[in-house]
Amino acid sequence: MAGEPQPDCLFCKIVSGDVPATIVRETETTVAFRDINPQAPTHVLVIPRLHHPDAASLAAAAPEIAADILREAGHVAADEKIVETGYRIVFNTGSGAGQTVFHAHAHVLGGRGMQWPPG
């Protein structure tokens, strides 16, 4: 159920501390940690502490937490010193878009040039 920890969710396990991660920021509503398979020199995931399967369901159920994720993504970019050179915030929604963990999350990517279109 949305909002409640899911026993089979990797990111819920990171939030609870049952699975280790390199955490770079934490707030009351979010956790930010380094991606284990980085696609750029800076690749940090920002997730809500509460379980929502994707960005669209998070935005519908808890828009204030969706805003917290975007705010934290900006703080991550500042902490990682990629604001001046630019960075990308990506939400993959659905397996066809590359979502592999079905817990809403934003990828903060930077530290190299980003091509357009992505993918």
# chains A, B, ... in the order shown; residues from 1 in each chain; ligands from 1
call {"tool": "closest_atom_pairs", "arguments": {"of": "range 31-58 of chain A", "to": "range 3-19 of chain A", "cutoff": "10 Å", "atoms": "only C-alpha atoms", "output": "Markdown table"}}
result
| residue | atom | partner | partner_atom | distance |
| --- | --- | --- | --- | --- |
| A:Val31 | CA | A:Val15 | CA | 7.0 |
| A:Ala32 | CA | A:Val15 | CA | 9.7 |
| A:Phe33 | CA | A:Ile14 | CA | 9.2 |
| A:Ile47 | CA | A:Phe11 | CA | 7.8 |
| A:Pro48 | CA | A:Val15 | CA | 8.7 |
| A:Arg49 | CA | A:Val15 | CA | 6.1 |
| A:Leu50 | CA | A:Gly3 | CA | 4.7 |
| A:His51 | CA | A:Gly3 | CA | 4.6 |
| A:His52 | CA | A:Gly3 | CA | 5.9 |
| A:Pro53 | CA | A:Gly3 | CA | 9.2 |
| A:Leu58 | CA | A:Gly3 | CA | 8.9 |
call {"tool": "write_last_selection", "arguments": {"atoms": "N, CA and C atoms", "output": "compact mmCIF listing (two decimals), in the first residue's frame"}}
result
# COMPACT_ATOMS: atom_id res chain seq x y z
N VAL A 31 15.55 10.78 1.71
CA VAL A 31 16.90 10.24 1.89
C VAL A 31 17.58 10.35 0.53
N ALA A 32 18.82 10.80 0.51
CA ALA A 32 19.59 10.89 -0.73
C ALA A 32 20.85 10.05 -0.57
N PHE A 33 21.13 9.22 -1.58
CA PHE A 33 22.28 8.32 -1.51
C PHE A 33 22.87 8.11 -2.89
N ILE A 47 15.00 9.93 -2.59
CA ILE A 47 13.78 9.15 -2.45
C ILE A 47 12.94 9.67 -1.29
N PRO A 48 11.62 9.46 -1.36
CA PRO A 48 10.81 9.75 -0.19
C PRO A 48 10.97 8.64 0.84
N ARG A 49 10.86 8.98 2.10
CA ARG A 49 10.91 7.95 3.14
C ARG A 49 9.70 7.04 3.05
N LEU A 50 8.58 7.58 2.63
CA LEU A 50 7.36 6.78 2.49
C LEU A 50 7.34 6.13 1.11
N HIS A 51 6.77 4.93 1.04
CA HIS A 51 6.74 4.19 -0.22
C HIS A 51 5.61 4.69 -1.13
N HIS A 52 6.00 5.07 -2.32
CA HIS A 52 5.08 5.35 -3.42
C HIS A 52 5.73 4.71 -4.64
N PRO A 53 4.98 4.00 -5.47
CA PRO A 53 5.60 3.21 -6.53
C PRO A 53 6.28 4.02 -7.64
N LEU A 58 3.27 9.44 -6.38
CA LEU A 58 3.74 10.29 -5.29
C LEU A 58 3.16 11.69 -5.42
call {"tool": "closest_atom_pairs", "arguments": {"of": "range 10-90 of chain A", "to": "range 100-113 of chain A", "cutoff": "10 Å", "atoms": "only C-alpha atoms", "output": "tab-separated table"}}
result
residue	atom	partner	partner_atom	distance
A:Leu10	CA	A:Val101	CA	7.1
A:Phe11	CA	A:His103	CA	6.5
A:Cys12	CA	A:His103	CA	7.8
A:Thr30	CA	A:His105	CA	9.8
A:Val31	CA	A:His105	CA	9.7
A:Ala32	CA	A:Ala106	CA	9.2
A:Phe33	CA	A:His107	CA	9.9
A:Arg34	CA	A:Val108	CA	9.4
A:Asp35	CA	A:His107	CA	8.4
A:Pro38	CA	A:Leu109	CA	8.7
A:Gln39	CA	A:Leu109	CA	7.5
A:Ala40	CA	A:Leu109	CA	6.0
A:Pro41	CA	A:Gly111	CA	5.2
A:Thr42	CA	A:Gly110	CA	5.0
A:His43	CA	A:Leu109	CA	4.7
A:Val44	CA	A:Val108	CA	5.1
A:Leu45	CA	A:His107	CA	4.7
A:Val46	CA	A:Ala106	CA	5.1
A:Ile47	CA	A:His105	CA	4.5
A:Pro48	CA	A:Ala104	CA	7.0
A:Arg49	CA	A:His103	CA	9.6
A:Leu50	CA	A:His103	CA	8.8
A:His51	CA	A:His103	CA	5.8
A:His52	CA	A:His103	CA	5.4
A:Pro53	CA	A:His103	CA	4.3
A:Asp54	CA	A:Ala104	CA	4.0
A:Ala55	CA	A:Ala104	CA	5.0
A:Ala56	CA	A:Ala104	CA	8.4
A:Ser57	CA	A:Ala104	CA	8.2
A:Leu58	CA	A:Ala104	CA	6.8
A:Ala59	CA	A:Ala104	CA	9.6
A:Ala66	CA	A:Ala104	CA	9.2
A:Ile69	CA	A:Ala106	CA	7.2
A:Leu70	CA	A:Ala106	CA	7.9
A:Glu72	CA	A:Val108	CA	9.8
A:Ala73	CA	A:Val108	CA	6.2
A:Gly74	CA	A:Val108	CA	8.6
A:Val76	CA	A:Val108	CA	7.6
A:Ala77	CA	A:Val108	CA	7.3
A:Glu80	CA	A:Gly110	CA	8.8
A:Lys81	CA	A:Gly111	CA	8.6
A:Ile82	CA	A:Gly111	CA	6.1
A:Val83	CA	A:Gly110	CA	8.6
A:Thr85	CA	A:Gly111	CA	7.3
A:Gly86	CA	A:Gly110	CA	6.6
A:Tyr87	CA	A:Gly110	CA	4.5
A:Arg88	CA	A:Leu109	CA	5.1
A:Ile89	CA	A:Val108	CA	4.8
A:Val90	CA	A:His107	CA	5.0
call {"tool": "write_last_selection", "arguments": {"atoms": "N, CA and C atoms", "output": "short mmCIF file (atom, residue, chain, number, x, y, z; two decimals), in the first residue's frame"}}
result
data_model
loop_
_atom_site.label_atom_id
_atom_site.label_comp_id
_atom_site.auth_asym_id
_atom_site.auth_seq_id
_atom_site.Cartn_x
_atom_site.Cartn_y
_atom_site.Cartn_z
N LEU A 10 13.64 -2.55 -2.18
CA LEU A 10 15.03 -2.21 -1.86
C LEU A 10 15.14 -0.84 -1.20
N PHE A 11 14.44 0.16 -1.73
CA PHE A 11 14.58 1.51 -1.20
C PHE A 11 13.94 1.64 0.18
N CYS A 12 12.86 0.92 0.45
CA CYS A 12 12.29 0.90 1.80
C CYS A 12 13.31 0.32 2.78
N THR A 30 12.89 12.76 3.24
CA THR A 30 13.68 12.23 2.12
C THR A 30 15.00 11.63 2.59
N VAL A 31 15.55 10.78 1.71
CA VAL A 31 16.90 10.24 1.89
C VAL A 31 17.58 10.35 0.53
N ALA A 32 18.82 10.80 0.51
CA ALA A 32 19.59 10.89 -0.73
C ALA A 32 20.85 10.05 -0.57
N PHE A 33 21.13 9.22 -1.58
CA PHE A 33 22.28 8.32 -1.51
C PHE A 33 22.87 8.11 -2.89
N ARG A 34 24.13 7.70 -2.93
CA ARG A 34 24.83 7.49 -4.19
C ARG A 34 24.29 6.24 -4.89
N ASP A 35 24.12 6.34 -6.20
CA ASP A 35 23.69 5.21 -7.01
C ASP A 35 24.82 4.19 -7.06
N PRO A 38 26.65 4.21 -11.05
CA PRO A 38 26.56 5.60 -11.51
C PRO A 38 26.71 5.75 -13.01
N GLN A 39 25.89 6.63 -13.56
CA GLN A 39 25.90 6.93 -14.99
C GLN A 39 26.56 8.28 -15.29
N ALA A 40 27.07 8.93 -14.25
CA ALA A 40 27.76 10.21 -14.37
C ALA A 40 28.65 10.34 -13.14
N PRO A 41 29.63 11.26 -13.17
CA PRO A 41 30.48 11.44 -11.99
C PRO A 41 29.68 11.71 -10.71
N THR A 42 28.61 12.48 -10.84
CA THR A 42 27.65 12.63 -9.73
C THR A 42 26.39 11.91 -10.14
N HIS A 43 25.99 10.93 -9.35
CA HIS A 43 24.74 10.22 -9.58
C HIS A 43 24.18 9.84 -8.21
N VAL A 44 23.25 10.66 -7.75
CA VAL A 44 22.65 10.51 -6.43
C VAL A 44 21.15 10.31 -6.62
N LEU A 45 20.59 9.39 -5.85
CA LEU A 45 19.15 9.17 -5.85
C LEU A 45 18.54 9.89 -4.66
N VAL A 46 17.43 10.57 -4.88
CA VAL A 46 16.68 11.20 -3.79
C VAL A 46 15.33 10.51 -3.75
N ILE A 47 15.00 9.93 -2.59
CA ILE A 47 13.78 9.15 -2.45
C ILE A 47 12.94 9.67 -1.29
N PRO A 48 11.62 9.46 -1.36
CA PRO A 48 10.81 9.75 -0.19
C PRO A 48 10.97 8.64 0.84
N ARG A 49 10.86 8.98 2.10
CA ARG A 49 10.91 7.95 3.14
C ARG A 49 9.70 7.04 3.05
N LEU A 50 8.58 7.58 2.63
CA LEU A 50 7.36 6.78 2.49
C LEU A 50 7.34 6.13 1.11
N HIS A 51 6.77 4.93 1.04
CA HIS A 51 6.74 4.19 -0.22
C HIS A 51 5.61 4.69 -1.13
N HIS A 52 6.00 5.07 -2.32
CA HIS A 52 5.08 5.35 -3.42
C HIS A 52 5.73 4.71 -4.64
N PRO A 53 4.98 4.00 -5.47
CA PRO A 53 5.60 3.21 -6.53
C PRO A 53 6.28 4.02 -7.64
N ASP A 54 5.87 5.25 -7.86
CA ASP A 54 6.48 6.05 -8.92
C ASP A 54 6.19 7.52 -8.69
N ALA A 55 6.81 8.35 -9.50
CA ALA A 55 6.69 9.80 -9.33
C ALA A 55 5.26 10.29 -9.50
N ALA A 56 4.52 9.72 -10.43
CA ALA A 56 3.14 10.17 -10.66
C ALA A 56 2.26 9.87 -9.46
N SER A 57 2.38 8.68 -8.89
CA SER A 57 1.55 8.35 -7.72
C SER A 57 1.98 9.16 -6.51
N LEU A 58 3.27 9.44 -6.38
CA LEU A 58 3.74 10.29 -5.29
C LEU A 58 3.16 11.69 -5.42
N ALA A 59 3.23 12.26 -6.62
CA ALA A 59 2.72 13.61 -6.83
C ALA A 59 1.22 13.70 -6.55
N ALA A 66 6.74 15.37 -2.98
CA ALA A 66 7.34 15.47 -4.32
C ALA A 66 8.15 16.77 -4.41
N ILE A 69 11.44 16.37 -2.62
CA ILE A 69 12.43 15.65 -3.41
C ILE A 69 13.14 16.61 -4.36
N LEU A 70 12.38 17.46 -5.03
CA LEU A 70 13.00 18.43 -5.94
C LEU A 70 13.89 19.42 -5.19
N GLU A 72 15.47 18.86 -2.35
CA GLU A 72 16.66 18.12 -1.94
C GLU A 72 17.59 17.85 -3.12
N ALA A 73 17.03 17.61 -4.29
CA ALA A 73 17.86 17.42 -5.49
C ALA A 73 18.72 18.67 -5.72
N GLY A 74 18.14 19.83 -5.52
CA GLY A 74 18.90 21.07 -5.65
C GLY A 74 19.98 21.19 -4.60
N VAL A 76 21.48 18.62 -3.15
CA VAL A 76 22.50 17.64 -3.55
C VAL A 76 23.41 18.27 -4.61
N ALA A 77 22.81 18.89 -5.61
CA ALA A 77 23.61 19.52 -6.68
C ALA A 77 24.56 20.57 -6.11
N GLU A 80 27.35 18.83 -4.20
CA GLU A 80 28.26 18.14 -5.12
C GLU A 80 28.99 19.10 -6.06
N LYS A 81 28.67 20.38 -5.93
CA LYS A 81 29.32 21.45 -6.71
C LYS A 81 29.11 21.28 -8.22
N ILE A 82 27.87 20.95 -8.59
CA ILE A 82 27.55 20.82 -10.02
C ILE A 82 26.51 21.84 -10.48
N VAL A 83 26.17 22.78 -9.62
CA VAL A 83 25.17 23.78 -9.99
C VAL A 83 25.65 24.64 -11.15
N THR A 85 27.90 24.06 -13.47
CA THR A 85 28.12 23.36 -14.75
C THR A 85 26.83 22.72 -15.27
N GLY A 86 25.83 22.64 -14.43
CA GLY A 86 24.54 22.08 -14.82
C GLY A 86 24.37 20.64 -14.37
N TYR A 87 23.12 20.26 -14.20
CA TYR A 87 22.80 18.91 -13.77
C TYR A 87 21.41 18.54 -14.27
N ARG A 88 21.13 17.28 -14.20
CA ARG A 88 19.85 16.76 -14.66
C ARG A 88 19.15 16.06 -13.50
N ILE A 89 17.83 16.25 -13.41
CA ILE A 89 16.99 15.52 -12.46
C ILE A 89 16.07 14.65 -13.30
N VAL A 90 16.11 13.33 -13.06
CA VAL A 90 15.33 12.39 -13.87
C VAL A 90 14.45 11.54 -12.97
#
call {"tool": "select_by_dssp", "arguments": {"residues": "chain A", "states": "strand (DSSP E)", "output": "PyMOL selection string"}}
result
chain A and resi 23-26+30-34+42-48+87-90+106-110
call {"tool": "write_last_selection", "arguments": {"atoms": "N, CA and C atoms", "output": "compact mmCIF listing (two decimals), in the first residue's frame"}}
result
# COMPACT_ATOMS: atom_id res chain seq x y z
N ILE A 23 24.81 7.35 2.12
CA ILE A 23 23.84 8.44 2.26
C ILE A 23 24.57 9.76 2.27
N VAL A 24 24.07 10.71 1.45
CA VAL A 24 24.70 12.03 1.37
C VAL A 24 23.86 13.13 2.01
N ARG A 25 22.55 12.90 2.13
CA ARG A 25 21.65 13.87 2.78
C ARG A 25 20.44 13.12 3.31
N GLU A 26 19.89 13.63 4.41
CA GLU A 26 18.65 13.11 4.96
C GLU A 26 17.82 14.26 5.48
N THR A 30 12.89 12.76 3.24
CA THR A 30 13.68 12.23 2.12
C THR A 30 15.00 11.63 2.59
N VAL A 31 15.55 10.78 1.71
CA VAL A 31 16.90 10.24 1.89
C VAL A 31 17.58 10.35 0.53
N ALA A 32 18.82 10.80 0.51
CA ALA A 32 19.59 10.89 -0.73
C ALA A 32 20.85 10.05 -0.57
N PHE A 33 21.13 9.22 -1.58
CA PHE A 33 22.28 8.32 -1.51
C PHE A 33 22.87 8.11 -2.89
N ARG A 34 24.13 7.70 -2.93
CA ARG A 34 24.83 7.49 -4.19
C ARG A 34 24.29 6.24 -4.89
N THR A 42 28.61 12.48 -10.84
CA THR A 42 27.65 12.63 -9.73
C THR A 42 26.39 11.91 -10.14
N HIS A 43 25.99 10.93 -9.35
CA HIS A 43 24.74 10.22 -9.58
C HIS A 43 24.18 9.84 -8.21
N VAL A 44 23.25 10.66 -7.75
CA VAL A 44 22.65 10.51 -6.43
C VAL A 44 21.15 10.31 -6.62
N LEU A 45 20.59 9.39 -5.85
CA LEU A 45 19.15 9.17 -5.85
C LEU A 45 18.54 9.89 -4.66
N VAL A 46 17.43 10.57 -4.88
CA VAL A 46 16.68 11.20 -3.79
C VAL A 46 15.33 10.51 -3.75
N ILE A 47 15.00 9.93 -2.59
CA ILE A 47 13.78 9.15 -2.45
C ILE A 47 12.94 9.67 -1.29
N PRO A 48 11.62 9.46 -1.36
CA PRO A 48 10.81 9.75 -0.19
C PRO A 48 10.97 8.64 0.84
N TYR A 87 23.12 20.26 -14.20
CA TYR A 87 22.80 18.91 -13.77
C TYR A 87 21.41 18.54 -14.27
N ARG A 88 21.13 17.28 -14.20
CA ARG A 88 19.85 16.76 -14.66
C ARG A 88 19.15 16.06 -13.50
N ILE A 89 17.83 16.25 -13.41
CA ILE A 89 16.99 15.52 -12.46
C ILE A 89 16.07 14.65 -13.30
N VAL A 90 16.11 13.33 -13.06
CA VAL A 90 15.33 12.39 -13.87
C VAL A 90 14.45 11.54 -12.97
N ALA A 106 14.23 10.26 -7.61
CA ALA A 106 14.81 11.18 -8.58
C ALA A 106 16.29 10.88 -8.68
N HIS A 107 16.79 10.84 -9.91
CA HIS A 107 18.22 10.71 -10.16
C HIS A 107 18.77 12.13 -10.33
N VAL A 108 19.80 12.48 -9.59
CA VAL A 108 20.51 13.74 -9.77
C VAL A 108 21.82 13.38 -10.46
N LEU A 109 21.98 13.84 -11.70
CA LEU A 109 23.13 13.49 -12.52
C LEU A 109 23.89 14.74 -12.94
N GLY A 110 25.20 14.70 -12.84
CA GLY A 110 26.00 15.84 -13.27
C GLY A 110 27.48 15.49 -13.26
call {"tool": "closest_residue", "arguments": {"among": "A:Thr29, A:Phe91, A:Ile36, A:Glu84", "to": "Ala62 in chain A", "atoms": "only C-alpha atoms"}}
result
A:Thr29
call {"tool": "atom_distance", "arguments": {"atom1": "CA of Ala97 in chain A", "atom2": "CA of Ala21 in chain A"}}
result
24.0 Å
